[in-house]
Amino acid sequence: MSLEAAAQLNSDPERLLFAYWVPNVSGGLVVSKIPQRTDWTLKSNLQYARTAEKYGFEYALTQIRFTSSYGASNQHESVSFSQAILSGTEKLKVIAAILPGPWNPAVAAKQLASIDNYSDGRIAVNIVSGWFKGEFTAIGEWWLDHAERYRRSNEFMRCLRGIWTAPEDEGFTFAGDFYRFRNYKLSPKPVQKPHPPIFQGGNSEDARVNGAEVADWYFMNGNDLEGFRAQIQDVKARAAKVGREKHVKFAVNGFVIVRDTEEEAVRVLQEIQGKADVEAINAFANEVKNAGQSTKDKQGMWATSTFNDLVQYNDGFKTKLIGTKEQVAERIVLLKALGVDLVLTAFLHYEEEVEQFGRDVLPLVRQLEAQGRGKDVEYEIQQTGDVYRKRTA
Ligand SMILES: Cc1cc2nc3c(=O)[nH]c(=O)nc-3n(C[C@H](O)[C@H](O)[C@H](O)COP(=O)(O)O)c2cc1C
């Protein structure tokens, strides 16, 4: 398919959006000793970003980590890295990860508003709430319990939106438990109106409350059909209670392995898992107990993840975007039918696979969408739903 034809397919307002994880930390997106042709430097990332925008990816998502965990021994900072990618691209939007605690909303609102101006309105933010106590301790940040971390994130997001949209004459005033503002007037304001999109990462009940009540996007970890369905229904119901049911959009993480045959793709998955970095994963498994598992209903990210699931640190194998290009495209339209608005991808070999996905899978999804697929959930479940009921590895 020519790039012009691809551009046309990628302009339908009803289309599913695609994002990819930016490898701004070393070690790639899997905690495995398998060789990966994925590099964390800015130079390589500019190449991945330019490829992604050429093929119709809408967003790139950077990661924030202050110290090493699960093998990522080097980590570039997320906001500055996002800005660097934006200055080397033309259309791609970049979602910068921000961690309340190290950041306060005044700094974040100011930084992101400026970047939105430099990039003609292409910055977005992912508010993450922290799961890694060792990281907080290492940088002298207080470690709040789970509910308090999310209450702080809730205020943080309200402050961001408030600062960005406050009336010119009055500015922004807020008296919370974590943050306070008095007639604060931000100038320049962001270019995007009403403001840059606010994503939030986290899947526990506390996270679902924030997703429904404050964020623009609810970001899900990898999951299976029933897991996605339950979360989307729950967040929609909570959003409806506060009149935001039409406002909240849904994004899911999925690790993509597309090969010529399904057997080949599954073999790659098995090799990634077979060569898992056992020590790093065991340390990670111990740390993630501070996430959803630590709450009273014990639900949330990683709460039911097996060792093999954790080899992709955001449960991306569970989404099963693993097979031939046709199989993966079919599974993606099933996600769309479930109510997903954006698929966040990750790859073993960024050097080739961002382009392969853009060239081989994305147009197939667009063709299925053009045929009206991805709307009737029961039909899509009949087509491909059984794949989520059996375990591949
Ligand atoms: C798509 C996505 C991206 C995330 N990115 C980061 C990140 O860059 N840094 C970070 O510390 N946590 C990140 N998180 C973790 C979340 O903020 C949160 O701590 C984790 O999902 C645990 O959620 P739970 O406690 O609600 O179960 C991300 C989560 C998701 C779903």
# chains A, B, ... in the order shown; residues from 1 in each chain; ligands from 1
call {"tool": "residues_near_ligand", "arguments": {"ligand": "ligand 1", "cutoff": "8 Å", "atoms": "only C-alpha atoms and all ligand atoms", "output": "number ranges by chain"}}
result
A: 61-65, 78, 97-99, 126-132, 146, 200-208, 219-221, 251-253, 288, 290-294, 299-303, 314, 344
call {"tool": "write_last_selection", "arguments": {"atoms": "N, CA and C atoms", "output": "CSV table (one decimal), in the first residue's frame"}}
result
chain,number,residue,atom,x,y,z
A,61,LEU,N,4.3,6.6,23.7
A,61,LEU,CA,4.2,6.8,25.2
A,61,LEU,C,5.6,6.6,25.8
A,62,THR,N,6.1,7.6,26.5
A,62,THR,CA,7.3,7.4,27.2
A,62,THR,C,7.1,6.9,28.6
A,63,GLN,N,8.2,6.4,29.2
A,63,GLN,CA,8.1,5.8,30.5
A,63,GLN,C,8.8,6.7,31.5
A,64,ILE,N,8.3,6.7,32.8
A,64,ILE,CA,9.1,7.4,33.8
A,64,ILE,C,9.6,6.3,34.8
A,65,ARG,N,10.9,6.4,35.0
A,65,ARG,CA,11.5,5.5,36.1
A,65,ARG,C,12.7,6.3,36.6
A,78,SER,N,11.3,11.1,31.2
A,78,SER,CA,10.2,11.0,30.3
A,78,SER,C,9.8,12.4,29.6
A,97,ALA,N,5.0,10.5,30.6
A,97,ALA,CA,4.6,9.9,31.9
A,97,ALA,C,5.1,10.8,33.1
A,98,ILE,N,4.2,11.1,34.0
A,98,ILE,CA,4.5,12.0,35.1
A,98,ILE,C,4.1,11.3,36.4
A,99,LEU,N,4.9,11.4,37.4
A,99,LEU,CA,4.7,10.7,38.7
A,99,LEU,C,4.5,11.8,39.7
A,126,ASN,N,0.5,11.1,30.8
A,126,ASN,CA,0.1,9.9,31.5
A,126,ASN,C,0.4,10.0,33.0
A,127,ILE,N,-0.6,10.2,33.8
A,127,ILE,CA,-0.4,10.3,35.2
A,127,ILE,C,-0.3,8.9,35.8
A,128,VAL,N,0.9,8.6,36.3
A,128,VAL,CA,1.1,7.2,36.9
A,128,VAL,C,1.2,7.4,38.5
A,129,SER,N,0.9,6.4,39.2
A,129,SER,CA,0.8,6.6,40.6
A,129,SER,C,1.8,6.0,41.5
A,130,GLY,N,2.7,5.2,40.9
A,130,GLY,CA,3.8,4.6,41.6
A,130,GLY,C,3.5,3.2,42.2
A,131,TRP,N,4.4,2.3,41.9
A,131,TRP,CA,4.2,0.9,42.5
A,131,TRP,C,5.6,0.5,43.1
A,132,PHE,N,6.6,1.3,42.9
A,132,PHE,CA,8.0,0.8,43.2
A,132,PHE,C,8.5,1.6,44.4
A,146,HIS,N,-1.5,2.8,49.1
A,146,HIS,CA,-2.1,2.8,47.7
A,146,HIS,C,-3.2,3.8,47.6
A,200,GLN,N,-4.4,8.1,32.4
A,200,GLN,CA,-4.0,7.6,33.7
A,200,GLN,C,-3.7,6.1,33.7
A,201,GLY,N,-2.6,5.8,34.2
A,201,GLY,CA,-2.2,4.3,34.2
A,201,GLY,C,-2.4,3.7,35.6
A,202,GLY,N,-3.1,2.6,35.6
A,202,GLY,CA,-3.4,1.9,36.9
A,202,GLY,C,-4.7,1.2,36.7
A,203,ASN,N,-4.9,0.0,37.3
A,203,ASN,CA,-6.1,-0.8,37.1
A,203,ASN,C,-6.8,-1.2,38.3
A,204,SER,N,-6.4,-0.8,39.5
A,204,SER,CA,-7.0,-1.2,40.7
A,204,SER,C,-8.3,-0.4,40.9
A,205,GLU,N,-9.1,-0.6,41.9
A,205,GLU,CA,-10.4,0.1,42.1
A,205,GLU,C,-10.0,1.6,42.2
A,206,ASP,N,-9.0,2.0,43.0
A,206,ASP,CA,-8.6,3.4,43.1
A,206,ASP,C,-8.3,4.0,41.7
A,207,ALA,N,-7.6,3.2,40.9
A,207,ALA,CA,-7.3,3.7,39.6
A,207,ALA,C,-8.6,3.9,38.7
A,208,ARG,N,-9.5,2.9,38.9
A,208,ARG,CA,-10.7,3.0,38.1
A,208,ARG,C,-11.6,4.2,38.5
A,219,PHE,N,-6.1,3.9,31.0
A,219,PHE,CA,-5.1,3.0,30.3
A,219,PHE,C,-5.1,1.6,31.0
A,220,MET,N,-5.3,0.6,30.2
A,220,MET,CA,-5.3,-0.7,30.8
A,220,MET,C,-4.1,-1.5,30.5
A,221,ASN,N,-3.7,-2.3,31.4
A,221,ASN,CA,-2.6,-3.2,31.2
A,221,ASN,C,-3.1,-4.3,30.3
A,251,ALA,N,-7.8,2.8,26.5
A,251,ALA,CA,-6.6,2.4,25.8
A,251,ALA,C,-6.1,1.1,26.5
A,252,VAL,N,-5.6,0.1,25.6
A,252,VAL,CA,-5.1,-1.1,26.2
A,252,VAL,C,-3.7,-1.4,25.7
A,253,ASN,N,-2.9,-2.1,26.5
A,253,ASN,CA,-1.6,-2.5,26.2
A,253,ASN,C,-1.6,-3.9,25.6
A,288,VAL,N,5.8,-5.4,42.9
A,288,VAL,CA,4.4,-5.1,42.4
A,288,VAL,C,3.4,-5.5,43.4
A,290,ASN,N,3.0,-4.0,45.9
A,290,ASN,CA,2.6,-2.7,46.3
A,290,ASN,C,1.5,-2.0,45.4
A,291,ALA,N,1.2,-2.7,44.3
A,291,ALA,CA,0.2,-2.2,43.4
A,291,ALA,C,-1.2,-2.7,43.9
A,292,GLY,N,-2.0,-3.0,42.9
A,292,GLY,CA,-3.4,-3.4,43.2
A,292,GLY,C,-3.5,-4.5,44.3
A,293,GLN,N,-2.6,-5.4,44.3
A,293,GLN,CA,-2.6,-6.5,45.3
A,293,GLN,C,-2.7,-6.0,46.7
A,294,SER,N,-2.1,-4.8,47.0
A,294,SER,CA,-2.1,-4.3,48.3
A,294,SER,C,-3.4,-3.6,48.8
A,299,GLN,N,-7.5,-6.3,43.8
A,299,GLN,CA,-7.6,-6.2,42.4
A,299,GLN,C,-6.7,-5.2,41.8
A,300,GLY,N,-6.3,-5.3,40.6
A,300,GLY,CA,-5.5,-4.3,39.9
A,300,GLY,C,-4.4,-4.9,39.1
A,301,MET,N,-3.5,-4.1,38.7
A,301,MET,CA,-2.5,-4.5,37.8
A,301,MET,C,-1.6,-5.6,38.4
A,302,TRP,N,-1.3,-6.6,37.7
A,302,TRP,CA,-0.3,-7.6,38.1
A,302,TRP,C,-0.9,-8.5,39.2
A,303,ALA,N,-2.2,-8.3,39.7
A,303,ALA,CA,-2.7,-9.0,40.8
A,303,ALA,C,-2.7,-10.5,40.6
A,314,ASN,N,4.1,-5.0,31.5
A,314,ASN,CA,2.7,-4.5,31.6
A,314,ASN,C,1.7,-5.5,31.1
A,344,LEU,N,-2.1,0.2,22.5
A,344,LEU,CA,-0.7,0.6,22.8
A,344,LEU,C,0.1,-0.7,22.5
call {"tool": "select_by_dssp", "arguments": {"residues": "segment 164-326 of chain A", "states": "alpha helix (DSSP H)", "output": "VMD selection string"}}
result
chain A and resid 164 to 165 205 to 213 225 to 241 262 to 274 278 to 287 307 to 310 325 to 326
call {"tool": "closest_atom_pairs", "arguments": {"of": "segment 325-382 of chain A", "to": "segment 11-31 of chain A", "cutoff": "10 Å", "atoms": "only C-alpha atoms", "output": "tab-separated table"}}
result
residue	atom	partner	partner_atom	distance
A:Ile332	CA	A:Leu16	CA	8.9
A:Val333	CA	A:Leu16	CA	8.4
A:Leu335	CA	A:Leu16	CA	9.4
A:Lys336	CA	A:Leu16	CA	6.8
A:Gly339	CA	A:Leu16	CA	9.9
A:Val340	CA	A:Leu16	CA	7.8
A:Asp341	CA	A:Leu16	CA	5.4
A:Leu342	CA	A:Leu17	CA	4.5
A:Val343	CA	A:Phe18	CA	5.0
A:Leu344	CA	A:Ala19	CA	4.6
A:Thr345	CA	A:Tyr20	CA	4.5
A:Ala346	CA	A:Trp21	CA	5.6
A:Phe347	CA	A:Leu29	CA	7.0
A:Leu348	CA	A:Leu29	CA	7.0
A:His349	CA	A:Gly28	CA	8.4
A:Tyr350	CA	A:Pro23	CA	8.6
A:Val354	CA	A:Tyr20	CA	8.3
A:Gly358	CA	A:Phe18	CA	9.6
A:Leu362	CA	A:Phe18	CA	8.5
A:Val365	CA	A:Leu16	CA	8.5
A:Arg366	CA	A:Arg15	CA	7.5
A:Glu369	CA	A:Arg15	CA	7.3
A:Ala370	CA	A:Arg15	CA	9.1
A:Gly374	CA	A:Leu16	CA	9.2
call {"tool": "write_last_selection", "arguments": {"atoms": "C-alpha atoms", "output": "PDB file, in the first residue's frame"}}
result
ATOM      1  CA  ILE A 332      -7.547  -5.805  17.276  1.00  0.00           C
ATOM      2  CA  VAL A 333     -11.012  -5.251  15.790  1.00  0.00           C
ATOM      3  CA  LEU A 335     -10.793  -4.983  21.057  1.00  0.00           C
ATOM      4  CA  LYS A 336     -12.419  -2.113  19.205  1.00  0.00           C
ATOM      5  CA  GLY A 339     -15.030  -0.340  23.462  1.00  0.00           C
ATOM      6  CA  VAL A 340     -11.280   0.150  23.124  1.00  0.00           C
ATOM      7  CA  ASP A 341     -10.285   3.449  21.450  1.00  0.00           C
ATOM      8  CA  LEU A 342      -6.503   3.032  21.365  1.00  0.00           C
ATOM      9  CA  VAL A 343      -4.144   0.056  21.188  1.00  0.00           C
ATOM     10  CA  LEU A 344      -0.742   0.567  22.775  1.00  0.00           C
ATOM     11  CA  THR A 345       1.813  -1.703  21.109  1.00  0.00           C
ATOM     12  CA  ALA A 346       5.302  -2.909  22.017  1.00  0.00           C
ATOM     13  CA  PHE A 347       7.746  -5.060  20.076  1.00  0.00           C
ATOM     14  CA  LEU A 348      10.766  -7.303  20.540  1.00  0.00           C
ATOM     15  CA  HIS A 349      12.788  -5.732  17.730  1.00  0.00           C
ATOM     16  CA  TYR A 350      11.890  -2.057  17.371  1.00  0.00           C
ATOM     17  CA  VAL A 354       7.455  -0.764  14.215  1.00  0.00           C
ATOM     18  CA  GLY A 358       2.631  -0.141  10.305  1.00  0.00           C
ATOM     19  CA  LEU A 362      -2.380  -1.390  10.474  1.00  0.00           C
ATOM     20  CA  VAL A 365      -7.225  -3.151  10.578  1.00  0.00           C
ATOM     21  CA  ARG A 366      -8.247  -0.152   8.478  1.00  0.00           C
ATOM     22  CA  GLU A 369     -12.955  -1.118   9.823  1.00  0.00           C
ATOM     23  CA  ALA A 370     -13.921   0.035   6.332  1.00  0.00           C
ATOM     24  CA  GLY A 374     -15.246  -3.816  15.075  1.00  0.00           C
TER      25      GLY A 374
END
call {"tool": "residues_around", "arguments": {"residues": "segment 223-237 of chain A", "least_positions_apart": "2", "cutoff": "7 Å", "atoms": "only C-alpha atoms", "output": "compact mmCIF listing (two decimals) with N, CA and C atoms, in the first residue's frame"}}
result
# COMPACT_ATOMS: atom_id res chain seq x y z
N ARG A 208 -9.48 2.93 38.89
CA ARG A 208 -10.72 3.01 38.09
C ARG A 208 -11.55 4.23 38.48
N GLY A 211 -9.83 7.05 36.77
CA GLY A 211 -10.08 6.97 35.31
C GLY A 211 -11.46 7.49 34.98
N ALA A 212 -12.45 7.08 35.77
CA ALA A 212 -13.84 7.45 35.49
C ALA A 212 -14.11 8.91 35.81
N ASN A 221 -3.65 -2.28 31.43
CA ASN A 221 -2.59 -3.24 31.23
C ASN A 221 -3.08 -4.31 30.27
N ALA A 239 -18.20 6.33 35.48
CA ALA A 239 -18.18 7.61 34.78
C ALA A 239 -19.62 8.13 34.61
N ALA A 240 -20.55 7.20 34.34
CA ALA A 240 -21.95 7.61 34.12
C ALA A 240 -22.50 8.29 35.38
N LYS A 241 -22.09 7.78 36.54
CA LYS A 241 -22.60 8.35 37.80
C LYS A 241 -22.21 9.82 37.96
N GLU A 245 -19.82 9.65 31.04
CA GLU A 245 -19.76 8.41 30.27
C GLU A 245 -19.29 8.62 28.83
N ASP A 315 2.01 -6.81 31.38
CA ASP A 315 1.09 -7.92 31.07
C ASP A 315 0.69 -7.97 29.59
N LYS A 318 -0.85 -11.11 27.59
CA LYS A 318 -2.23 -11.56 27.83
C LYS A 318 -3.19 -11.09 26.73
N THR A 319 -2.85 -9.98 26.10
CA THR A 319 -3.75 -9.41 25.08
C THR A 319 -3.71 -10.23 23.78
N LEU A 338 -15.10 -4.14 21.77
CA LEU A 338 -15.29 -4.12 23.24
C LEU A 338 -15.37 -2.71 23.80
N TYR A 388 -8.78 -16.01 23.54
CA TYR A 388 -8.50 -15.51 24.89
C TYR A 388 -8.81 -16.54 25.96
call {"tool": "select_by_dssp", "arguments": {"residues": "segment 15-152 of chain A", "states": "strand (DSSP E or B)", "output": "PyMOL selection string"}}
result
chain A and resi 17-21+25+30+32+59-61+75+93-98+100+103+123-127
call {"tool": "write_last_selection", "arguments": {"atoms": "C-alpha atoms", "output": "tab-separated table (two decimals), in the first residue's frame"}}
result
chain	number	residue	atom	x	y	z
A	17	LEU	CA	-5.87	4.75	17.29
A	18	PHE	CA	-2.44	3.20	17.68
A	19	ALA	CA	0.36	4.07	20.04
A	20	TYR	CA	3.68	2.43	20.86
A	21	TRP	CA	5.77	2.27	24.03
A	25	VAL	CA	14.77	2.78	29.20
A	30	VAL	CA	10.55	-7.61	27.87
A	32	SER	CA	14.40	-11.43	28.99
A	59	TYR	CA	0.83	8.42	19.78
A	60	ALA	CA	4.09	7.36	21.39
A	61	LEU	CA	4.18	6.76	25.18
A	75	GLN	CA	16.41	5.27	32.08
A	93	LYS	CA	1.75	13.00	19.51
A	94	VAL	CA	3.76	12.01	22.55
A	95	ILE	CA	2.36	11.01	25.93
A	96	ALA	CA	4.79	11.92	28.70
A	97	ALA	CA	4.62	9.90	31.92
A	98	ILE	CA	4.51	11.95	35.11
A	100	PRO	CA	3.02	12.82	41.35
A	103	TRP	CA	6.45	16.31	40.22
A	123	ILE	CA	1.89	16.66	23.94
A	124	ALA	CA	-0.27	14.50	26.22
A	125	VAL	CA	0.33	13.22	29.75
A	126	ASN	CA	0.05	9.87	31.51
A	127	ILE	CA	-0.36	10.29	35.25
call {"tool": "residues_around", "arguments": {"residues": "Lys375 of chain A", "least_positions_apart": "2", "cutoff": "8 Å", "atoms": "only C-alpha atoms", "output": "PyMOL selection string"}}
result
chain A and resi 336-337+372-373+377
call {"tool": "residues_around", "arguments": {"residues": "Val248 of chain A", "least_positions_apart": "2", "cutoff": "7 Å", "atoms": "only C-alpha atoms", "output": "PyMOL selection string"}}
result
chain A and resi 212+216-218+244-246+250
call {"tool": "write_last_selection", "arguments": {"atoms": "C-alpha atoms", "output": "mmCIF file, in the first residue's frame"}}
result
data_model
loop_
_atom_site.group_PDB
_atom_site.id
_atom_site.type_symbol
_atom_site.label_atom_id
_atom_site.label_comp_id
_atom_site.auth_asym_id
_atom_site.auth_seq_id
_atom_site.Cartn_x
_atom_site.Cartn_y
_atom_site.Cartn_z
ATOM 1 C CA ALA A 212 -13.838 7.451 35.491
ATOM 2 C CA ASP A 216 -9.680 11.663 29.730
ATOM 3 C CA TRP A 217 -8.251 8.197 29.070
ATOM 4 C CA TYR A 218 -8.239 5.017 31.147
ATOM 5 C CA ARG A 244 -18.738 11.570 32.165
ATOM 6 C CA GLU A 245 -19.757 8.410 30.273
ATOM 7 C CA LYS A 246 -19.185 10.035 26.873
ATOM 8 C CA PHE A 250 -10.087 3.445 26.755
#
call {"tool": "residues_around", "arguments": {"residues": "Phe66 of chain A", "least_positions_apart": "2", "cutoff": "9 Å", "atoms": "only C-alpha atoms", "output": "number ranges by chain"}}
result
A: 64, 68, 75-77, 135-136, 138-139
call {"tool": "write_last_selection", "arguments": {"atoms": "N, CA and C atoms", "output": "PDB file, in the first residue's frame"}}
result
ATOM      1  N   ILE A  64       8.348   6.688  32.763  1.00  0.00           N
ATOM      2  CA  ILE A  64       9.130   7.367  33.801  1.00  0.00           C
ATOM      3  C   ILE A  64       9.606   6.345  34.822  1.00  0.00           C
ATOM      4  N   SER A  68      16.811   1.891  38.471  1.00  0.00           N
ATOM      5  CA  SER A  68      16.751   0.613  37.766  1.00  0.00           C
ATOM      6  C   SER A  68      15.711  -0.301  38.402  1.00  0.00           C
ATOM      7  N   GLN A  75      17.753   4.744  32.368  1.00  0.00           N
ATOM      8  CA  GLN A  75      16.407   5.268  32.084  1.00  0.00           C
ATOM      9  C   GLN A  75      16.517   6.753  31.771  1.00  0.00           C
ATOM     10  N   HIS A  76      16.128   7.143  30.544  1.00  0.00           N
ATOM     11  CA  HIS A  76      16.055   8.571  30.239  1.00  0.00           C
ATOM     12  C   HIS A  76      14.756   9.147  30.793  1.00  0.00           C
ATOM     13  N   GLU A  77      14.826  10.401  31.217  1.00  0.00           N
ATOM     14  CA  GLU A  77      13.665  11.062  31.842  1.00  0.00           C
ATOM     15  C   GLU A  77      12.555  11.288  30.803  1.00  0.00           C
ATOM     16  N   GLU A 135      12.139   2.796  44.549  1.00  0.00           N
ATOM     17  CA  GLU A 135      12.438   3.988  43.754  1.00  0.00           C
ATOM     18  C   GLU A 135      12.141   5.249  44.567  1.00  0.00           C
ATOM     19  N   PHE A 136      10.996   5.260  45.249  1.00  0.00           N
ATOM     20  CA  PHE A 136      10.635   6.430  46.051  1.00  0.00           C
ATOM     21  C   PHE A 136      11.642   6.628  47.184  1.00  0.00           C
ATOM     22  N   ALA A 138      14.714   5.662  47.256  1.00  0.00           N
ATOM     23  CA  ALA A 138      16.023   6.058  46.716  1.00  0.00           C
ATOM     24  C   ALA A 138      16.104   7.558  46.458  1.00  0.00           C
ATOM     25  N   ILE A 139      14.985   8.179  46.115  1.00  0.00           N
ATOM     26  CA  ILE A 139      15.046   9.613  45.798  1.00  0.00           C
ATOM     27  C   ILE A 139      14.430  10.468  46.909  1.00  0.00           C
TER      28      ILE A 139
END
